[in-house]
Amino acid sequence: MSSRSIPTRPATGKLQNDDIVTAINGKPVKDSTQLRNTVASVKPGEEATFTVFRKGKTEDVKLKIGEQPESLVSGRRSGSNGGEAGNGDAQSSENTAKTVGLHLATPNEDLLARFNLEEGVKGAIVTSVDRRSAAARAGIRPGDVITEVGDTKVDSAKSASEALAKQDLSKGVRLAIVNQMGRNLVLLKDEEK
């Protein structure tokens, strides 16, 4: 391990790994491309207010914008949605997933092959997303696998639906999603609730 120090960046200690940036200086941010472009439009040395979704709450974080490194690597935001039939309380949970436009299924050989996913993936596979739904607005797509809802790890469509039913979707919930591009975080928020 090298003894040279890593330069401190403006976000060090202020932004956290699971934060989702929802706005910069009051302007909503829909995806990572818009985030990058908005940050790039702020002059280096100026302060910007980042609105982040953190642990179920929205917070404002002030950051001084630094120089953009030449080796900047852009990320991709994606999401997934789905629904799976259930019974009893599971039916109520399933309705929550459908309310936000998700149709989920538990991973099996056929679905993993259909969406070109690795064997052994656990979570809830989004089989379809309703157009104009909260899930579609969040960027969730068929083939995404929801692995966490808030702080709850999920390993099936049923557990994902049950975890969604326990969330206040009008405030928003962080979803951890795995797809062919890797792991992503998505803020799912149902403004109609």
# chains A, B, ... in the order shown; residues from 1 in each chain; ligands from 1
$ residues_around --residues "Lys189 (chain A)" --least-positions-apart "5" --cutoff "9 Å" --atoms "only C-alpha atoms" --output "PyMOL selection string"
chain A and resi 100+134-135+137-138+168-174
$ write_last_selection --atoms "C-alpha atoms" --output "CSV table (one decimal), in the first residue's frame"
chain,number,residue,atom,x,y,z
A,100,VAL,CA,-45.8,2.7,-8.0
A,134,ALA,CA,-43.3,6.6,-10.1
A,135,ALA,CA,-41.0,3.6,-11.0
A,137,ARG,CA,-39.9,8.3,-13.4
A,138,ALA,CA,-37.2,6.9,-11.1
A,168,ASP,CA,-43.8,6.1,3.3
A,169,LEU,CA,-43.5,6.4,-0.5
A,170,SER,CA,-44.7,10.0,-0.4
A,171,LYS,CA,-41.3,10.8,1.3
A,172,GLY,CA,-39.4,8.4,-0.9
A,173,VAL,CA,-37.4,5.2,-0.4
A,174,ARG,CA,-33.9,4.2,-1.5
$ closest_atom_pairs --of "region 109-148 of chain A" --to "region 154-161 of chain A" --cutoff "8 Å" --atoms "only C-alpha atoms" --output "Markdown table"
| residue | atom | partner | partner_atom | distance |
| --- | --- | --- | --- | --- |
| A:Lys122 | CA | A:Asp155 | CA | 4.9 |
| A:Gly123 | CA | A:Asp155 | CA | 3.8 |
| A:Ala124 | CA | A:Ala157 | CA | 4.4 |
| A:Ile125 | CA | A:Ala157 | CA | 7.2 |
| A:Ile146 | CA | A:Val154 | CA | 7.4 |
| A:Thr147 | CA | A:Val154 | CA | 5.2 |
| A:Glu148 | CA | A:Val154 | CA | 5.4 |
$ atom_distance --atom1 "CA of Val126 (chain A)" --atom2 "CA of Lys166 (chain A)"
19.1 Å
$ atom_distance --atom1 "CA of Ala165 (chain A)" --atom2 "CA of Asp19 (chain A)"
21.8 Å
$ residues_around --residues "region 176-178 of chain A" --least-positions-apart "2" --cutoff "8 Å" --atoms "only C-alpha atoms" --output "list in words"
Ser78, Gly79, Ser80, Asp144, Val145, Ile146, Thr147, Glu148, Val149, Arg174, Gln180, Met181, Gly182, Arg183, Asn184, Leu185 and Val186 of chain A
$ select_by_dssp --residues "region 119-160 of chain A" --states "strand (DSSP E or B)" --output "MDAnalysis selection string"
chainID A and resid 124:129 140 145:149 152:153
$ select_by_dssp --residues "region 14-70 of chain A" --states "helix (DSSP H, G or I)" --output "ChimeraX atom specification"
/A:32-40
$ atom_distance --atom1 "CA of Val52 (chain A)" --atom2 "CA of Leu104 (chain A)"
27.1 Å
$ closest_residue --among "A:Asn108, A:Ile140, A:Thr99, A:Asn17" --to "Glu191 (chain A)" --atoms "only C-alpha atoms"
A:Thr99
